[in-house]
file protein12.tsv (TSV, C-alpha atoms and all ligand atoms)
chain	number	residue	atom	x	y	z
Y	224	MET	CA	3.83	-34.24	-43.95
Y	225	LYS	CA	6.46	-33.04	-41.47
Y	226	THR	CA	7.69	-35.90	-39.28
Y	227	THR	CA	10.72	-34.37	-37.58
Y	228	ILE	CA	10.45	-33.50	-33.91
Y	229	THR	CA	12.29	-30.31	-33.07
Y	230	ASN	CA	13.60	-28.80	-29.87
Y	231	PRO	CA	11.61	-25.87	-28.48
Y	232	THR	CA	13.07	-22.48	-29.41
Y	233	SER	CA	12.93	-21.28	-25.79
Y	234	ILE	CA	13.50	-22.88	-22.42
Y	235	PHE	CA	12.24	-21.73	-19.03
Y	236	ILE	CA	13.91	-23.68	-16.23
Y	237	ASN	CA	15.67	-23.04	-12.93
Y	238	GLY	CA	14.59	-19.41	-12.87
Y	239	GLN	CA	16.11	-18.64	-16.29
Y	240	LEU	CA	14.54	-17.94	-19.66
Y	241	THR	CA	16.72	-18.59	-22.69
Y	242	GLY	CA	16.19	-18.89	-26.42
Y	243	SER	CA	17.11	-17.37	-29.74
Y	244	LYS	CA	14.26	-14.86	-29.63
Y	245	VAL	CA	14.73	-13.90	-25.99
Y	246	ILE	CA	15.81	-10.28	-25.45
Y	247	HIS	CA	17.49	-9.18	-22.23
Y	248	GLN	CA	16.72	-5.70	-20.90
Y	249	VAL	CA	18.23	-3.97	-17.85
Y	250	LYS	CA	16.47	-1.17	-15.98
Y	251	SER	CA	18.89	0.83	-13.85
Y	252	LEU	CA	17.81	2.70	-10.76
Y	253	ILE	CA	18.27	6.10	-12.42
Y	254	GLU	CA	15.54	5.18	-14.94
Y	255	LEU	CA	13.13	4.96	-12.00
Y	256	ASN	CA	13.69	8.61	-11.12
Y	257	GLY	CA	10.44	10.08	-9.79
Y	258	ILE	CA	8.70	6.92	-8.68
Y	259	PHE	CA	10.06	6.85	-5.11
Y	260	GLU	CA	8.73	9.27	-2.53
Y	261	ASP	CA	12.06	10.03	-0.83
Y	262	GLN	CA	13.89	12.05	-3.49
Y	263	ILE	CA	16.86	12.82	-1.24
Y	264	ALA	CA	17.46	9.15	-0.47
Y	265	PHE	CA	17.15	8.44	-4.20
Y	266	GLN	CA	19.75	11.04	-5.13
Y	267	ASN	CA	22.18	9.58	-2.61
Y	268	MET	CA	22.07	6.16	-4.23
Y	269	ASP	CA	24.13	4.75	-7.07
Y	270	GLY	CA	21.80	5.31	-10.03
Y	271	SER	CA	23.82	3.01	-12.27
Y	272	GLN	CA	22.96	-0.09	-10.24
Y	273	PRO	CA	20.40	-2.36	-11.88
Y	274	ALA	CA	16.97	-2.27	-10.24
Y	275	TYR	CA	15.59	-5.07	-12.41
Y	276	GLU	CA	16.27	-7.10	-15.50
Y	277	VAL	CA	13.70	-8.51	-17.86
Y	278	ASP	CA	14.05	-11.39	-20.32
Y	279	VAL	CA	11.33	-11.38	-22.92
Y	280	TRP	CA	10.56	-13.97	-25.55
Y	281	PHE	CA	9.11	-12.24	-28.61
Y	282	PRO	CA	7.86	-15.10	-30.81
Y	283	VAL	CA	6.03	-12.56	-33.03
Y	284	GLN	CA	6.55	-8.89	-33.88
Y	285	THR	CA	5.50	-6.29	-31.33
Y	286	GLY	CA	2.00	-5.10	-32.18
Y	287	THR	CA	0.84	-8.39	-33.71
Y	288	GLU	CA	-2.80	-8.98	-32.89
Y	289	GLY	CA	-3.48	-12.43	-31.47
Y	290	GLY	CA	0.10	-13.22	-30.39
Y	291	LEU	CA	1.53	-13.59	-26.90
Y	292	PHE	CA	4.77	-12.53	-25.23
Y	293	PHE	CA	6.41	-14.29	-22.33
Y	294	GLY	CA	8.71	-12.54	-19.84
Y	295	LEU	CA	10.72	-13.17	-16.73
Y	296	THR	CA	11.53	-10.20	-14.49
Y	297	HIS	CA	14.39	-10.31	-11.98
Y	298	LEU	CA	13.70	-7.58	-9.43
Y	299	TYR	CA	16.59	-6.88	-7.07
Y	300	PRO	CA	16.11	-6.39	-3.33
Y	301	GLY	CA	16.78	-2.94	-1.93
Y	302	ARG	CA	15.17	0.16	-0.53
Y	303	VAL	CA	15.02	3.85	-1.34
Y	304	GLY	CA	14.28	5.43	2.03
Y	305	ASP	CA	11.52	3.25	3.44
Y	306	GLU	CA	10.25	2.09	0.03
Y	307	TYR	CA	11.26	-1.19	-1.54
Y	308	PHE	CA	12.70	-1.55	-5.03
Y	309	MET	CA	9.84	-1.87	-7.50
Y	310	THR	CA	9.08	-1.96	-11.18
Y	311	LYS	CA	8.12	1.29	-12.87
Y	312	GLY	CA	4.60	0.01	-13.41
Y	313	HIS	CA	2.32	0.64	-16.36
Y	314	LEU	CA	-1.07	0.36	-17.93
Y	315	HIS	CA	-1.21	-1.29	-21.33
Y	316	ALA	CA	-1.38	1.10	-24.28
Y	317	LYS	CA	-4.29	-0.99	-25.55
Y	318	GLU	CA	-5.96	-0.65	-22.20
Y	319	ASN	CA	-8.29	-3.64	-22.40
Y	320	ARG	CA	-5.40	-6.12	-22.72
Y	321	ALA	CA	-5.07	-8.47	-19.72
Y	322	GLU	CA	-1.97	-10.27	-18.44
Y	323	TYR	CA	-0.84	-13.12	-16.19
Y	324	TYR	CA	1.94	-12.70	-13.62
Y	325	TRP	CA	3.20	-15.54	-11.44
Y	326	GLY	CA	5.76	-15.83	-8.69
Y	327	VAL	CA	8.88	-17.88	-9.49
Y	328	GLU	CA	11.39	-17.01	-6.75
Y	329	GLY	CA	11.50	-14.67	-3.75
Y	330	GLU	CA	8.68	-12.68	-2.23
Y	331	GLY	CA	6.92	-9.47	-3.01
Y	332	ILE	CA	3.69	-7.64	-3.59
Y	333	LEU	CA	1.77	-6.94	-6.79
Y	334	LEU	CA	0.11	-3.52	-6.76
Y	335	LEU	CA	-2.97	-3.08	-8.93
Y	336	MET	CA	-4.83	0.15	-9.61
Y	337	ASP	CA	-8.02	0.80	-11.55
Y	338	LYS	CA	-8.90	3.90	-13.58
Y	339	LYS	CA	-10.61	5.47	-10.56
Y	340	ARG	CA	-7.26	5.17	-8.74
Y	341	ASN	CA	-8.42	2.48	-6.33
Y	342	THR	CA	-5.29	0.49	-5.44
Y	343	TRP	CA	-5.12	-3.01	-4.01
Y	344	ALA	CA	-2.38	-5.61	-3.61
Y	345	GLU	CA	-1.63	-9.33	-3.70
Y	346	TYR	CA	1.26	-11.23	-2.14
Y	347	MET	CA	3.68	-12.82	-4.61
Y	348	PHE	CA	5.61	-15.99	-3.78
Y	349	PRO	CA	6.85	-19.02	-5.72
Y	350	GLY	CA	3.74	-20.48	-7.34
Y	351	SER	CA	1.44	-17.50	-6.78
Y	352	LEU	CA	-0.67	-16.75	-9.85
Y	353	HIS	CA	-2.09	-13.32	-10.67
Y	354	TYR	CA	-4.62	-12.38	-13.30
Y	355	ILE	CA	-4.32	-8.71	-14.21
Y	356	PRO	CA	-7.49	-7.66	-16.00
Y	357	GLY	CA	-7.50	-5.01	-18.73
Y	358	PHE	CA	-7.65	-1.34	-17.66
Y	359	ILE	CA	-5.59	-2.12	-14.53
Y	360	ALA	CA	-2.17	-0.55	-13.87
Y	361	HIS	CA	0.35	-3.02	-12.43
Y	362	ARG	CA	3.61	-2.75	-10.51
Y	363	VAL	CA	5.67	-5.28	-8.50
Y	364	VAL	CA	7.48	-4.53	-5.24
Y	365	ASN	CA	10.29	-6.71	-3.86
Y	366	THR	CA	9.66	-6.90	-0.11
Y	367	GLY	CA	12.21	-9.66	0.50
Y	368	SER	CA	15.97	-9.74	1.07
Y	369	PHE	CA	16.63	-11.76	-2.08
Y	370	ILE	CA	15.91	-11.38	-5.76
Y	371	LEU	CA	12.23	-11.60	-6.74
Y	372	LYS	CA	11.58	-13.38	-10.02
Y	373	PHE	CA	8.19	-13.42	-11.65
Y	374	GLY	CA	6.88	-14.65	-14.96
Y	375	ALA	CA	4.50	-12.73	-17.20
Y	376	CYS	CA	2.43	-13.53	-20.27
Y	377	TRP	CA	0.65	-10.78	-22.21
Y	378	PRO	CA	-0.78	-10.06	-25.66
Y	379	SER	CA	1.76	-8.96	-28.25
Y	380	ASP	CA	-0.32	-5.90	-29.13
Y	381	SER	CA	-0.74	-4.59	-25.54
Y	382	GLY	CA	2.06	-2.04	-25.64
Y	383	TYR	CA	2.95	0.07	-22.60
Y	384	ASN	CA	1.63	3.30	-21.18
Y	385	TYR	CA	4.08	4.57	-18.54
Y	386	ASP	CA	3.10	8.22	-18.92
Y	387	ILE	CA	-0.23	7.79	-17.19
Y	388	LEU	CA	1.64	7.10	-13.93
Y	389	ILE	CA	4.31	9.79	-14.25
Y	390	ASN	CA	2.54	12.55	-12.36
Y	391	GLU	CA	0.52	10.83	-9.68
Y	392	GLY	CA	1.86	7.26	-9.64
Y	393	PHE	CA	-0.17	4.69	-7.75
Y	394	SER	CA	-2.51	5.92	-5.01
Y	395	LYS	CA	-0.81	3.65	-2.46
Y	396	ARG	CA	2.79	2.78	-1.65
Y	397	VAL	CA	4.37	-0.27	-0.01
Y	398	LYS	CA	6.67	0.86	2.80
Y	399	HIS	CA	8.97	-0.90	5.23
Y	400	ILE	CA	7.53	0.06	8.61
Y	401	ASP	CA	8.22	-1.70	11.94
Y	402	ASN	CA	10.23	-4.30	10.01
Y	403	LYS	CA	7.39	-5.34	7.75
Y	404	PRO	CA	5.77	-4.23	4.48
Y	405	LEU	CA	2.72	-2.01	4.85
Y	406	LEU	CA	0.39	-0.76	2.10
Y	407	ILE	CA	-0.31	2.90	2.83
R	501	LIG	C1	4.45	-6.65	-19.65
R	501	LIG	C2	4.71	-6.62	-18.19
R	501	LIG	C3	6.06	-7.04	-17.66
R	501	LIG	C4	6.80	-5.75	-17.25
R	501	LIG	C5	8.12	-5.98	-16.51
R	501	LIG	C6	8.84	-4.67	-16.14
R	501	LIG	O1	3.17	-6.16	-19.93
R	501	LIG	O2	3.86	-6.23	-17.41
R	501	LIG	O3	6.82	-7.79	-18.53
R	501	LIG	O4	7.02	-4.98	-18.40
R	501	LIG	O5	7.88	-6.67	-15.31
R	501	LIG	O6	7.96	-3.76	-15.53
R	501	LIG	P1	7.69	-2.32	-16.13
R	501	LIG	O7	7.30	-2.54	-17.57
R	501	LIG	O8	6.58	-1.76	-15.34
R	501	LIG	O9	8.97	-1.58	-16.05
R	502	ZN	ZN	1.96	-5.38	-18.31

call {"tool": "encode", "arguments": {"input": "protein12.tsv", "output": "C-alpha cells", "more": "lines below"}}
Ligand code: F6R
Ligand code: ZN
result
Amino acid sequence: MKTTITNPTSIFINGQLTGSKVIHQVKSLIELNGIFEDQIAFQNMDGSQPAYEVDVWFPVQTGTEGGLFFGLTHLYPGRVGDEYFMTKGHLHAKENRAEYYWGVEGEGILLLMDKKRNTWAEYMFPGSLHYIPGFIAHRVVNTGSFILKFGACWPSDSGYNYDILINEGFSKRVKHIDNKPLLI
C-alpha cells in the first residue's frame, strides 16, 4: 500500500495557475479579426497586442471521455470602437458538454446563446459562479478597467466549435454606451 503523501501537481492561488501539465496560450487581437463590429477601429489597432491569455491544466489527453480540464483565462481590458475586449467564444464540438466558469478577479459579462440564437448575459465578478449548460455558446466580455480573470472547468472530450460563430456571431453585443455596458 502506498503511504507517501505527495504534493499536488498543480496549484491555483493568487490568480495564477501553475503546474507541470499547465499549458500557456496567448490569443492576440489579430486572431479576433471579424468578431468586433467596428472593422475600421479594429484595423487601426495594434493586432499583435495580447487580447487574452489562457492557462490550461490538461491532466488527461484531449478527447478523453470522463476527464476534466481546468483553465484560467486572463482577459485584458480594452475596447475596439465601443465594444469591449472579449473572448472569441465557442460552442463545444460535442455540443451536449457543459462547463463551469467562475469569476476570480475583475469584472465582466458572460454572454450565453442557445441554438435558436437567443442571447442572455450574467455579470461576472470575484466569486461569481456560472453553469454553462450543453448546447450553449459562451463568450466573456471584460467591461472593467483592469484585467478580468475567470476560471473554467470542462470535460476533456468537449472540443471547440468556433466556426459556428464565424458568420453571424452572437445575436447581441455588449457596448460601452453612456459610460456603462449595455447589452444590445
Ligand atoms: C473551454 C472554455 C475556456 C475558453 C477560454 C478562451 O471550454 O470555455 O477555457 O476556451 O476562456 O475562450 P475562447 O475559447 O472562446 O477563445
Ligand atoms: Zn467552453

call {"tool": "residues_around", "arguments": {"input": "protein12.tsv", "residues": "Ile407 of chain Y", "least_positions_apart": "6", "cutoff": "12 Å", "atoms": "all atoms listed in the file", "output": "number ranges by chain"}}
result
Y: 305-306, 334, 342-344, 393-400

call {"tool": "residues_near_ligand", "arguments": {"input": "protein12.tsv", "ligand": "ligand LIG 501 (chain R)", "cutoff": "10 Å", "atoms": "only C-alpha atoms and all ligand atoms", "output": "ChimeraX atom specification"}}
result
/Y:248-250,254-255,274-279,292-298,309-316,320-324,355,360-363,372-385

call {"tool": "residues_around", "arguments": {"input": "protein12.tsv", "residues": "Ile332 of chain Y", "least_positions_apart": "5", "cutoff": "7 Å", "atoms": "only C-alpha atoms", "output": "short mmCIF file (atom, residue, chain, number, x, y, z; two decimals) with C-alpha atoms, in the frame of the given file"}}
result
data_model
loop_
_atom_site.label_atom_id
_atom_site.label_comp_id
_atom_site.auth_asym_id
_atom_site.auth_seq_id
_atom_site.Cartn_x
_atom_site.Cartn_y
_atom_site.Cartn_z
CA ALA Y 344 -2.38 -5.61 -3.61
CA GLU Y 345 -1.63 -9.33 -3.70
CA TYR Y 346 1.26 -11.23 -2.14
CA MET Y 347 3.68 -12.82 -4.61
CA VAL Y 363 5.67 -5.28 -8.50
CA VAL Y 364 7.48 -4.53 -5.24
CA ASN Y 365 10.29 -6.71 -3.86
CA THR Y 366 9.66 -6.90 -0.11
#

call {"tool": "atom_distance", "arguments": {"input": "protein12.tsv", "atom1": "atom CA of Arg302 of chain Y", "atom2": "atom CA of Asn237 of chain Y"}}
result
26.3 Å

call {"tool": "closest_residue", "arguments": {"input": "protein12.tsv", "among": "Y:Asp401, Y:Asp337, Y:Glu330, Y:Glu318", "to": "ligand ZN 502 (chain R)", "atoms": "all atoms listed in the file"}}
result
Y:Glu318

call {"tool": "closest_residue", "arguments": {"input": "protein12.tsv", "among": "Y:Ile228, Y:Val303, Y:Val245, Y:Leu388", "to": "Glu260 of chain Y", "atoms": "all atoms listed in the file"}}
result
Y:Val303

call {"tool": "axis_aligned_box", "arguments": {"input": "protein12.tsv", "around": "segment 347-354 of chain Y", "padding_each_side": "8 Å", "output": "AutoDock Vina command-line options"}}
result
--center_x 1.1 --center_y -16.4 --center_z -8.5 --size_x 27.5 --size_y 24.1 --size_z 25.5

call {"tool": "closest_residue", "arguments": {"input": "protein12.tsv", "among": "Y:Asp386, Y:Lys317, Y:Asn256, Y:Asp269", "to": "ligand ZN 502 (chain R)", "atoms": "all atoms listed in the file"}}
result
Y:Lys317

call {"tool": "closest_residue", "arguments": {"input": "protein12.tsv", "among": "Y:Pro231, Y:Tyr299, Y:Phe348, Y:Leu291", "to": "ligand ZN 502 (chain R)", "atoms": "all atoms listed in the file"}}
result
Y:Leu291

call {"tool": "closest_residue", "arguments": {"input": "protein12.tsv", "among": "Y:Leu371, Y:Leu252, Y:Ile359, Y:Ile389", "to": "ligand ZN 502 (chain R)", "atoms": "only C-alpha atoms and all ligand atoms"}}
result
Y:Ile359

call {"tool": "closest_residue", "arguments": {"input": "protein12.tsv", "among": "Y:Ile246, Y:Met268, Y:Ile258, Y:Ile253", "to": "Phe281 of chain Y", "atoms": "only C-alpha atoms"}}
result
Y:Ile246

call {"tool": "atom_distance", "arguments": {"input": "protein12.tsv", "atom1": "atom CA of Asn390 of chain Y", "atom2": "atom CA of Phe259 of chain Y"}}
result
11.9 Å

call {"tool": "atom_distance", "arguments": {"input": "protein12.tsv", "atom1": "atom CA of Gly238 of chain Y", "atom2": "atom CA of Val327 of chain Y"}}
result
6.8 Å

call {"tool": "residues_around", "arguments": {"input": "protein12.tsv", "residues": "Gly367 of chain Y", "least_positions_apart": "6", "cutoff": "8 Å", "atoms": "all atoms listed in the file", "output": "list of chain:residue names"}}
result
Y:Pro300, Y:Gly329, Y:Glu330, Y:Gly331
